[in-house]
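Asks: Coordinates in final_29.cif, mmCIF, C-alpha atoms, are listed below.
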```
data_run
#
loop_
_atom_site.group_PDB
_atom_site.id
_atom_site.type_symbol
_atom_site.label_atom_id
_atom_site.label_comp_id
_atom_site.auth_asym_id
_atom_site.auth_seq_id
_atom_site.Cartn_x
_atom_site.Cartn_y
_atom_site.Cartn_z
ATOM 1 C CA MET R 278 -75.165 111.779 92.966
ATOM 2 C CA GLY R 279 -73.360 109.736 95.608
ATOM 3 C CA ILE R 280 -69.686 110.236 96.253
ATOM 4 C CA ARG R 281 -67.314 108.520 98.637
ATOM 5 C CA ASN R 282 -63.593 107.941 98.740
ATOM 6 C CA TYR R 283 -61.115 105.526 100.280
ATOM 7 C CA LYS R 284 -57.447 104.753 100.020
ATOM 8 C CA GLU R 285 -55.991 101.603 98.526
ATOM 9 C CA ARG R 286 -52.263 100.993 98.043
ATOM 10 C CA ASP R 287 -51.075 104.519 97.311
ATOM 11 C CA ALA R 288 -54.130 105.664 95.398
ATOM 12 C CA THR R 289 -57.327 107.464 96.323
ATOM 13 C CA ILE R 290 -60.403 105.762 94.929
ATOM 14 C CA VAL R 291 -63.342 108.100 94.383
ATOM 15 C CA VAL R 292 -66.581 106.214 93.863
ATOM 16 C CA VAL R 293 -69.293 108.195 92.086
ATOM 17 C CA THR R 294 -72.811 106.854 91.708
ATOM 18 C CA GLY R 295 -76.082 108.100 90.278
ATOM 19 C CA ARG R 296 -75.944 111.080 87.958
ATOM 20 C CA MET R 297 -73.377 113.807 87.360
ATOM 21 C CA GLY R 298 -75.125 116.781 85.787
ATOM 22 C CA GLU R 299 -75.227 120.573 86.086
ATOM 23 C CA VAL R 300 -75.893 120.632 89.824
ATOM 24 C CA SER R 301 -73.802 117.692 91.009
ATOM 25 C CA ALA R 302 -70.679 118.113 88.854
ATOM 26 C CA PRO R 303 -69.405 121.128 90.843
ATOM 27 C CA GLU R 304 -69.813 119.108 94.084
ATOM 28 C CA PHE R 305 -67.676 116.331 92.631
ATOM 29 C CA GLU R 306 -65.064 118.798 91.418
ATOM 30 C CA GLU R 307 -64.945 120.529 94.797
ATOM 31 C CA LYS R 308 -64.541 117.207 96.616
ATOM 32 C CA VAL R 309 -61.630 116.065 94.503
ATOM 33 C CA PHE R 310 -59.909 119.467 94.642
ATOM 34 C CA GLN R 311 -60.239 119.250 98.427
ATOM 35 C CA LEU R 312 -58.588 115.805 98.426
ATOM 36 C CA ILE R 313 -55.782 117.176 96.260
ATOM 37 C CA LYS R 314 -55.343 120.039 98.719
ATOM 38 C CA GLU R 315 -55.046 117.453 101.485
ATOM 39 C CA GLY R 316 -52.178 115.827 99.621
ATOM 40 C CA ASP R 317 -53.715 113.074 97.447
ATOM 41 C CA THR R 318 -52.183 112.966 93.989
ATOM 42 C CA LYS R 319 -53.108 109.581 92.543
ATOM 43 C CA PHE R 320 -56.775 109.026 91.745
ATOM 44 C CA VAL R 321 -58.943 106.253 90.401
ATOM 45 C CA VAL R 322 -62.445 107.531 89.720
ATOM 46 C CA ASP R 323 -64.820 104.578 89.809
ATOM 47 C CA LEU R 324 -67.785 105.328 87.549
ATOM 48 C CA ALA R 325 -69.300 101.826 87.507
ATOM 49 C CA GLY R 326 -72.328 103.064 89.440
ATOM 50 C CA LEU R 327 -72.724 106.258 87.403
ATOM 51 C CA GLU R 328 -75.616 106.032 84.965
ATOM 52 C CA TYR R 329 -75.477 109.545 83.534
ATOM 53 C CA ILE R 330 -72.970 112.299 82.866
ATOM 54 C CA SER R 331 -73.408 115.608 81.042
ATOM 55 C CA SER R 332 -70.887 118.109 79.688
ATOM 56 C CA ALA R 333 -70.730 119.662 83.165
ATOM 57 C CA GLY R 334 -69.290 116.361 84.419
ATOM 58 C CA LEU R 335 -66.790 116.232 81.573
ATOM 59 C CA ARG R 336 -65.671 119.791 82.342
ATOM 60 C CA SER R 337 -65.157 118.902 86.010
ATOM 61 C CA LEU R 338 -63.058 115.873 85.091
ATOM 62 C CA LEU R 339 -61.038 118.005 82.675
ATOM 63 C CA ALA R 340 -60.399 120.685 85.319
ATOM 64 C CA ILE R 341 -59.268 118.009 87.789
ATOM 65 C CA ALA R 342 -57.024 116.347 85.201
ATOM 66 C CA LYS R 343 -55.381 119.655 84.237
ATOM 67 C CA HIS R 344 -54.779 120.514 87.894
ATOM 68 C CA LEU R 345 -53.247 117.111 88.628
ATOM 69 C CA LYS R 346 -51.026 117.319 85.579
ATOM 70 C CA GLU R 347 -49.538 120.537 86.963
ATOM 71 C CA LYS R 348 -48.834 118.729 90.214
ATOM 72 C CA ASN R 349 -47.371 115.639 88.496
ATOM 73 C CA GLY R 350 -50.329 113.699 89.807
ATOM 74 C CA GLN R 351 -52.488 111.177 88.029
ATOM 75 C CA ILE R 352 -56.149 110.463 87.425
ATOM 76 C CA VAL R 353 -57.577 107.390 85.723
ATOM 77 C CA LEU R 354 -61.163 106.241 85.331
ATOM 78 C CA SER R 355 -62.801 102.858 85.694
ATOM 79 C CA GLY R 356 -66.157 101.248 85.034
ATOM 80 C CA LEU R 357 -67.507 103.295 82.135
ATOM 81 C CA THR R 358 -70.811 101.806 80.987
ATOM 82 C CA GLY R 359 -73.922 102.565 78.966
ATOM 83 C CA ALA R 360 -74.874 106.183 78.426
ATOM 84 C CA VAL R 361 -71.754 107.391 80.271
ATOM 85 C CA GLN R 362 -69.581 105.480 77.835
ATOM 86 C CA ASP R 363 -71.573 107.008 74.935
ATOM 87 C CA VAL R 364 -70.768 110.498 76.174
ATOM 88 C CA PHE R 365 -67.071 109.727 76.619
ATOM 89 C CA ARG R 366 -66.855 108.295 73.099
ATOM 90 C CA VAL R 367 -68.817 111.053 71.364
ATOM 91 C CA SER R 368 -66.787 113.771 73.091
ATOM 92 C CA GLN R 369 -63.535 111.885 72.503
ATOM 93 C CA PHE R 370 -62.846 112.162 76.213
ATOM 94 C CA ILE R 371 -62.230 108.431 76.030
ATOM 95 C CA SER R 372 -58.965 109.172 74.242
ATOM 96 C CA ILE R 373 -57.680 111.775 76.669
ATOM 97 C CA PHE R 374 -58.311 109.719 79.800
ATOM 98 C CA THR R 375 -56.886 106.325 80.692
ATOM 99 C CA VAL R 376 -59.865 104.061 81.267
ATOM 100 C CA PHE R 377 -60.009 100.657 82.958
ATOM 101 C CA GLU R 378 -62.760 98.099 83.319
ATOM 102 C CA SER R 379 -62.450 97.933 87.091
ATOM 103 C CA VAL R 380 -60.749 99.569 90.049
ATOM 104 C CA GLU R 381 -58.639 96.398 90.480
ATOM 105 C CA ASP R 382 -57.359 96.635 86.905
ATOM 106 C CA ALA R 383 -56.553 100.313 87.433
ATOM 107 C CA LEU R 384 -54.627 99.683 90.656
ATOM 108 C CA GLU R 385 -52.546 97.000 88.983
ATOM 109 C CA GLU R 386 -51.434 99.355 86.237
ATOM 110 C CA ILE R 387 -50.890 102.703 87.915
ATOM 111 C CA MET Z 103 -98.087 111.430 75.454
ATOM 112 C CA ASP Z 104 -97.960 115.065 74.376
ATOM 113 C CA GLY Z 105 -97.385 117.807 76.794
ATOM 114 C CA ASN Z 106 -95.634 120.973 77.663
ATOM 115 C CA ILE Z 107 -93.941 122.613 80.624
ATOM 116 C CA LYS Z 108 -92.937 126.232 81.201
ATOM 117 C CA LEU Z 109 -90.583 127.278 83.954
ATOM 118 C CA GLN Z 110 -88.058 129.965 84.803
ATOM 119 C CA ALA Z 111 -84.745 129.326 83.122
ATOM 120 C CA LYS Z 112 -82.850 128.355 86.265
ATOM 121 C CA ILE Z 113 -80.607 125.355 86.836
ATOM 122 C CA GLU Z 114 -82.700 124.241 89.813
ATOM 123 C CA ASN Z 115 -85.628 123.753 87.418
ATOM 124 C CA LEU Z 116 -83.748 121.347 85.154
ATOM 125 C CA ASP Z 117 -84.794 118.322 87.164
ATOM 126 C CA SER Z 118 -88.521 118.980 86.680
ATOM 127 C CA VAL Z 119 -88.094 119.256 82.938
ATOM 128 C CA ILE Z 120 -85.945 116.133 82.774
ATOM 129 C CA GLN Z 121 -88.615 114.189 84.660
ATOM 130 C CA PHE Z 122 -91.281 115.452 82.282
ATOM 131 C CA ILE Z 123 -89.219 114.406 79.250
ATOM 132 C CA ARG Z 124 -88.464 111.053 80.851
ATOM 133 C CA SER Z 125 -92.206 110.333 81.247
ATOM 134 C CA CYS Z 126 -92.918 111.266 77.643
ATOM 135 C CA ALA Z 127 -90.120 109.109 76.293
ATOM 136 C CA SER Z 128 -90.985 106.212 78.566
ATOM 137 C CA ASP Z 129 -94.646 106.341 77.512
ATOM 138 C CA GLU Z 130 -93.503 106.093 73.915
ATOM 139 C CA GLY Z 131 -91.487 102.958 74.567
ATOM 140 C CA PHE Z 132 -87.937 104.316 74.356
ATOM 141 C CA SER Z 133 -85.324 102.096 76.007
ATOM 142 C CA LYS Z 134 -83.748 103.111 79.308
ATOM 143 C CA LYS Z 135 -80.430 103.869 77.656
ATOM 144 C CA ARG Z 136 -82.048 105.917 74.865
ATOM 145 C CA ILE Z 137 -83.983 107.854 77.499
ATOM 146 C CA LEU Z 138 -80.676 108.744 79.157
ATOM 147 C CA ASN Z 139 -79.406 110.015 75.778
ATOM 148 C CA ILE Z 140 -82.591 112.099 75.425
ATOM 149 C CA GLU Z 141 -82.229 113.523 78.933
ATOM 150 C CA LEU Z 142 -78.686 114.511 78.082
ATOM 151 C CA VAL Z 143 -79.531 116.514 74.952
ATOM 152 C CA VAL Z 144 -82.350 118.264 76.800
ATOM 153 C CA GLU Z 145 -80.153 119.068 79.803
ATOM 154 C CA GLU Z 146 -77.431 120.463 77.541
ATOM 155 C CA ALA Z 147 -79.893 122.662 75.610
ATOM 156 C CA LEU Z 148 -81.535 123.942 78.803
ATOM 157 C CA ALA Z 149 -78.206 124.562 80.541
ATOM 158 C CA ASN Z 150 -77.227 126.818 77.638
ATOM 159 C CA ILE Z 151 -80.454 128.773 78.084
ATOM 160 C CA CYS Z 152 -80.048 129.046 81.859
ATOM 161 C CA HIS Z 153 -76.443 130.220 81.570
ATOM 162 C CA HIS Z 154 -76.568 132.431 78.485
ATOM 163 C CA ALA Z 155 -80.005 133.307 77.094
ATOM 164 C CA TYR Z 156 -81.066 136.076 79.456
ATOM 165 C CA ALA Z 157 -77.649 137.541 80.317
ATOM 166 C CA GLY Z 158 -78.260 137.401 84.039
ATOM 167 C CA ALA Z 159 -81.908 138.485 83.922
ATOM 168 C CA ILE Z 160 -84.858 136.190 84.664
ATOM 169 C CA GLY Z 161 -86.643 134.564 81.768
ATOM 170 C CA ASP Z 162 -88.672 131.503 80.929
ATOM 171 C CA MET Z 163 -88.048 128.293 79.070
ATOM 172 C CA GLU Z 164 -90.885 126.332 77.525
ATOM 173 C CA ILE Z 165 -90.555 122.713 76.506
ATOM 174 C CA THR Z 166 -92.999 120.622 74.529
ATOM 175 C CA CYS Z 167 -92.777 116.957 73.725
ATOM 176 C CA ARG Z 168 -94.595 114.904 71.111
ATOM 177 C CA THR Z 169 -93.950 112.160 68.593
ATOM 178 C CA ASP Z 170 -93.906 112.436 64.820
ATOM 179 C CA SER Z 171 -95.234 109.992 62.234
ATOM 180 C CA TYR Z 172 -92.015 107.971 62.491
ATOM 181 C CA ARG Z 173 -92.547 107.624 66.269
ATOM 182 C CA ARG Z 174 -89.501 109.776 66.912
ATOM 183 C CA LEU Z 175 -89.559 112.046 69.910
ATOM 184 C CA VAL Z 176 -89.828 115.707 68.888
ATOM 185 C CA ILE Z 177 -88.846 118.141 71.601
ATOM 186 C CA ASN Z 178 -89.318 121.891 71.172
ATOM 187 C CA ILE Z 179 -87.400 124.192 73.464
ATOM 188 C CA VAL Z 180 -88.369 127.862 73.393
ATOM 189 C CA ASP Z 181 -86.806 130.819 75.153
ATOM 190 C CA ALA Z 182 -87.216 134.582 74.751
ATOM 191 C CA GLY Z 183 -83.563 135.356 75.291
ATOM 192 C CA ARG Z 184 -80.979 136.805 72.956
ATOM 193 C CA PRO Z 185 -80.600 135.165 69.548
ATOM 194 C CA PHE Z 186 -78.646 131.953 69.779
ATOM 195 C CA ASN Z 187 -78.411 129.350 67.057
ATOM 196 C CA MET Z 188 -76.385 126.434 68.355
ATOM 197 C CA LEU Z 189 -76.005 125.089 64.827
ATOM 198 C CA SER Z 190 -73.646 127.946 64.073
ATOM 199 C CA VAL Z 191 -71.316 127.235 67.003
ATOM 200 C CA ALA Z 192 -67.935 125.820 65.993
ATOM 201 C CA GLU Z 193 -67.068 122.382 67.314
ATOM 202 C CA PRO Z 194 -64.331 122.212 69.934
ATOM 203 C CA ASP Z 195 -61.033 120.632 68.940
ATOM 204 C CA LEU Z 196 -61.300 117.072 70.192
ATOM 205 C CA THR Z 197 -57.864 115.985 69.103
ATOM 206 C CA THR Z 198 -55.716 117.756 71.666
ATOM 207 C CA ASP Z 199 -54.403 116.287 74.884
ATOM 208 C CA ILE Z 200 -55.505 117.207 78.389
ATOM 209 C CA SER Z 201 -53.324 120.287 78.794
ATOM 210 C CA ARG Z 202 -54.608 121.912 75.622
ATOM 211 C CA ARG Z 203 -58.215 120.666 75.630
ATOM 212 C CA GLN Z 204 -60.701 123.516 76.100
ATOM 213 C CA PRO Z 205 -63.901 123.120 78.150
ATOM 214 C CA GLY Z 206 -66.164 125.205 75.878
ATOM 215 C CA GLY Z 207 -68.538 123.935 73.202
ATOM 216 C CA LEU Z 208 -68.946 120.456 74.663
ATOM 217 C CA GLY Z 209 -72.658 120.782 75.391
ATOM 218 C CA VAL Z 210 -73.528 121.890 71.873
ATOM 219 C CA MET Z 211 -71.331 119.161 70.436
ATOM 220 C CA LEU Z 212 -73.064 116.478 72.484
ATOM 221 C CA ILE Z 213 -76.480 117.672 71.298
ATOM 222 C CA ARG Z 214 -75.372 117.613 67.675
ATOM 223 C CA ARG Z 215 -73.876 114.159 67.894
ATOM 224 C CA MET Z 216 -76.650 112.562 69.914
ATOM 225 C CA ALA Z 217 -79.845 114.019 68.445
ATOM 226 C CA ASP Z 218 -80.958 112.555 65.133
ATOM 227 C CA ASP Z 219 -82.173 115.861 63.768
ATOM 228 C CA ILE Z 220 -81.985 119.461 64.931
ATOM 229 C CA HIS Z 221 -83.831 122.552 63.708
ATOM 230 C CA TYR Z 222 -83.513 126.134 64.810
ATOM 231 C CA LEU Z 223 -85.828 129.043 64.187
ATOM 232 C CA ARG Z 224 -85.841 132.620 65.433
ATOM 233 C CA ARG Z 225 -89.422 133.890 65.437
ATOM 234 C CA ASP Z 226 -91.314 136.563 67.417
ATOM 235 C CA ASP Z 227 -88.128 137.376 69.341
ATOM 236 C CA LYS Z 228 -87.830 133.778 70.478
ATOM 237 C CA ASN Z 229 -85.306 131.009 69.966
ATOM 238 C CA ILE Z 230 -87.098 127.822 68.934
ATOM 239 C CA LEU Z 231 -84.908 124.757 69.061
ATOM 240 C CA THR Z 232 -86.319 121.431 67.880
ATOM 241 C CA LEU Z 233 -84.554 118.198 68.782
ATOM 242 C CA VAL Z 234 -85.628 114.952 67.158
ATOM 243 C CA ILE Z 235 -84.592 111.637 68.628
ATOM 244 C CA ALA Z 236 -85.382 108.264 67.137
ATOM 245 C CA LYS Z 237 -85.469 104.969 68.987
#
```
The structure given in the file should be rewritten as structure tokens.

Replies:
Amino acid sequence: MGIRNYKERDATIVVVTGRMGEVSAPEFEEKVFQLIKEGDTKFVVDLAGLEYISSAGLRSLLAIAKHLKEKNGQIVLSGLTGAVQDVFRVSQFISIFTVFESVEDALEEI
Amino acid sequence: MDGNIKLQAKIENLDSVIQFIRSCASDEGFSKKRILNIELVVEEALANICHHAYAGAIGDMEITCRTDSYRRLVINIVDAGRPFNMLSVAEPDLTTDISRRQPGGLGVMLIRRMADDIHYLRRDDKNILTLVIAK
């Protein structure tokens, strides 16, 4: 799994690529919690380059979302495709997260 | 391609099994996306074993892969841990919002929704889980 982040307007974009499974999901969660600790509260998680996610990834996203809600922060997702989209639909996570086609679309709305 | 693999039930061994399953499915002509679905159900089943089957002790997991007469992939996952039938696990509530959504039960739910057929057997002190995935 690849992960990098950058700031645009007042949001933090976290770009995740590759696969988010049992081993990599905790790394992702730790990274975002660290960014929150450093003061970031508005996140766009770009999943366009993510080809695979398991329940471990969903649990990490849920933990992050719950934490941000407590801090009046925000997390939205962009670029869900293929098998990742399947998992979000089947788990109904697609209805608890706000999802955009692209980072640009997300930044325009949030 | 038929085959089997036996490893210690540790998360760091998941990758090897996933690669083995990927080869089997690929040899049988499954699409890239379907292979990702197959990898998911296998990862979820194995993660359950690694986290829960042996209650902290070391144990093995054995995975076999073959096709049936309908050219579906039939994956058997065997562990010698405590009895666990995932078919009897209740589904998580998927209708609540973020604050009330619980993290548990997601793995089992994904397996149930994404495998075409699932069988469970407890025999000789082993859990035998069979996952069937069609193209």

Asks: Which residue gives the smallest distance to chain Z among R:Val376, R:Leu384, R:Ile280, R:Val300, with only C-alpha atoms counted?

Replies: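 Going through R:Val376, R:Leu384, R:Ile280, R:Val300 one by one, the smallest distance to chain Z is for R:Val300.
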
Asks: Using all atoms listed in the file, find each residue of chain R with at least one atom at most 8 Å away from an atom of chain Z; report its shortest atom-to-atom pair and that distance in Å (one decimal), sort the rows by chain and rising residue number, and return the result as CSV.

Replies:
```
residue,atom,partner,partner_atom,distance
R:Glu299,CA,Z:Ile113,CA,7.2
R:Val300,CA,Z:Ile113,CA,7.3
R:Tyr329,CA,Z:Leu138,CA,6.8
R:Ile330,CA,Z:Leu142,CA,7.8
R:Ser331,CA,Z:Leu142,CA,6.1
R:Ser332,CA,Z:Gly209,CA,5.4
R:Arg336,CA,Z:Pro205,CA,5.6
R:Leu339,CA,Z:Ile200,CA,7.0
R:Ala342,CA,Z:Ile200,CA,7.0
R:Lys343,CA,Z:Ser201,CA,5.9
R:Lys346,CA,Z:Ser201,CA,7.8
R:Gly359,CA,Z:Lys135,CA,6.8
R:Ala360,CA,Z:Lys135,CA,6.1
R:Val364,CA,Z:Leu212,CA,7.4
R:Val367,CA,Z:Arg215,CA,6.9
R:Ser368,CA,Z:Leu212,CA,6.9
R:Gln369,CA,Z:Leu196,CA,6.1
R:Phe370,CA,Z:Leu196,CA,7.9
R:Ile373,CA,Z:Asp199,CA,5.9
```

Asks: List the neighbours of Ala217 in chain Z out to 7 Å using only C-alpha atoms; skip same-chain residues closer than 5 positions along the sequence, and give me the result as a short mmCIF file (atom, residue, chain, number, x, y, z; two decimals) with C-alpha atoms, keeping the file's coordinate frame.

Replies:
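Once written, part.cif looks like this:
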```
data_model
loop_
_atom_site.label_atom_id
_atom_site.label_comp_id
_atom_site.auth_asym_id
_atom_site.auth_seq_id
_atom_site.Cartn_x
_atom_site.Cartn_y
_atom_site.Cartn_z
CA VAL Z 143 -79.53 116.51 74.95
CA LEU Z 233 -84.55 118.20 68.78
CA VAL Z 234 -85.63 114.95 67.16
CA ILE Z 235 -84.59 111.64 68.63
#
```

Asks: I'd like to know which of Z:Glu130, Z:Asp104, Z:Asp226, Z:Glu193 is closest to Tyr172 in chain Z, using only C-alpha atoms.

Replies: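 For Tyr172 in chain Z, the nearest of the given residues is Z:Glu130.
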
Asks: Translate the PyMOL selection byres ((chain Z and resi 182) around 10) into a concrete residue list for this structure, as an MDAnalysis selection string.

Replies: chainID Z and resid 151 155:156 161:164 180:181 183:185 224:230

Asks: For a test of reading the model, state the distance in Å between CA of Glu347 in chain R and CA of Thr318 in chain R, rounded to one decimal.

Replies: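 Those two atoms sit 10.7 Å apart.
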
Asks: To one decimal place, how far is CA of Lys319 in chain R from CA of Thr375 in chain R in Å?

Replies: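 Interatomic distance here is 12.9 Å.
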
Asks: For a quick check of understanding, using all atoms listed in the file, which of R:Leu335, R:Glu307, R:Thr294, R:Val321 has the smallest distance to Glu385 in chain R?

Replies: R:Val321

Asks: Env of Leu357 in chain R: 12 Å cut, atoms = all atoms listed in the file, seq-sep filter 3 positions within chain, self excluded. Answer as a PDB file with C-alpha atoms, in the coordinates of the input.

Replies:
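Wrote it out as part.pdb, contents follow:
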```pdb
ATOM      1  CA  VAL R 293     -69.293 108.195  92.086  1.00  0.00           C
ATOM      2  CA  THR R 294     -72.811 106.854  91.708  1.00  0.00           C
ATOM      3  CA  VAL R 322     -62.445 107.531  89.720  1.00  0.00           C
ATOM      4  CA  ASP R 323     -64.820 104.578  89.809  1.00  0.00           C
ATOM      5  CA  LEU R 324     -67.785 105.328  87.549  1.00  0.00           C
ATOM      6  CA  ALA R 325     -69.300 101.826  87.507  1.00  0.00           C
ATOM      7  CA  GLY R 326     -72.328 103.064  89.440  1.00  0.00           C
ATOM      8  CA  LEU R 327     -72.724 106.258  87.403  1.00  0.00           C
ATOM      9  CA  GLU R 328     -75.616 106.032  84.965  1.00  0.00           C
ATOM     10  CA  TYR R 329     -75.477 109.545  83.534  1.00  0.00           C
ATOM     11  CA  ILE R 330     -72.970 112.299  82.866  1.00  0.00           C
ATOM     12  CA  VAL R 353     -57.577 107.390  85.723  1.00  0.00           C
ATOM     13  CA  LEU R 354     -61.163 106.241  85.331  1.00  0.00           C
ATOM     14  CA  ALA R 360     -74.874 106.183  78.426  1.00  0.00           C
ATOM     15  CA  VAL R 361     -71.754 107.391  80.271  1.00  0.00           C
ATOM     16  CA  GLN R 362     -69.581 105.480  77.835  1.00  0.00           C
ATOM     17  CA  ASP R 363     -71.573 107.008  74.935  1.00  0.00           C
ATOM     18  CA  VAL R 364     -70.768 110.498  76.174  1.00  0.00           C
ATOM     19  CA  PHE R 365     -67.071 109.727  76.619  1.00  0.00           C
ATOM     20  CA  ARG R 366     -66.855 108.295  73.099  1.00  0.00           C
ATOM     21  CA  PHE R 370     -62.846 112.162  76.213  1.00  0.00           C
ATOM     22  CA  ILE R 371     -62.230 108.431  76.030  1.00  0.00           C
ATOM     23  CA  PHE R 374     -58.311 109.719  79.800  1.00  0.00           C
ATOM     24  CA  THR R 375     -56.886 106.325  80.692  1.00  0.00           C
ATOM     25  CA  VAL R 376     -59.865 104.061  81.267  1.00  0.00           C
ATOM     26  CA  PHE R 377     -60.009 100.657  82.958  1.00  0.00           C
ATOM     27  CA  GLU R 378     -62.760  98.099  83.319  1.00  0.00           C
ATOM     28  CA  SER R 379     -62.450  97.933  87.091  1.00  0.00           C
ATOM     29  CA  VAL R 380     -60.749  99.569  90.049  1.00  0.00           C
TER      30      VAL R 380
END
```

Asks: Work out how far CA of Val119 in chain Z is from CA of Phe305 in chain R, in Å to one decimal.

Replies: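 Here the two named atoms are 22.8 Å from each other.
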
Asks: Box time for range 146-155 of chain Z: axis-aligned, enclosing all its listed atoms, 6 Å extra on each side; report centre and edge lengths in Å to one decimal, as JSON.

Replies:
```
{"center_x": -79.0, "center_y": 126.9, "center_z": 78.7, "size_x": 17.1, "size_y": 24.8, "size_z": 18.2}
```

Asks: Expand the PyMOL selection byres ((chain Z and resi 126) around 9) into the explicit residue set it covers here, and present it as a ChimeraX atom specification.

Replies: /Z:103-105,121-125,127-131,167-168,175

Asks: Counting all atoms listed in the file, figure out which residue out of R:Met278, R:Glu285, R:Ala333, R:Leu345 gets nearest to Phe310 in chain R.

Replies: R:Leu345

Asks: Would you mind telling me which residue in Z:Val144, Z:Leu231, Z:Cys152, Z:Ile179 lies nearest to Lys112 in chain Z when using only C-alpha atoms?

Replies: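 For Lys112 in chain Z, the nearest of the given residues is Z:Cys152.
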
Asks: So which one's closest to Gln351 in chain R, R:Asn282, R:Thr289, R:Ser372, R:Ser301? Using all atoms listed in the file, please.

Replies: R:Thr289
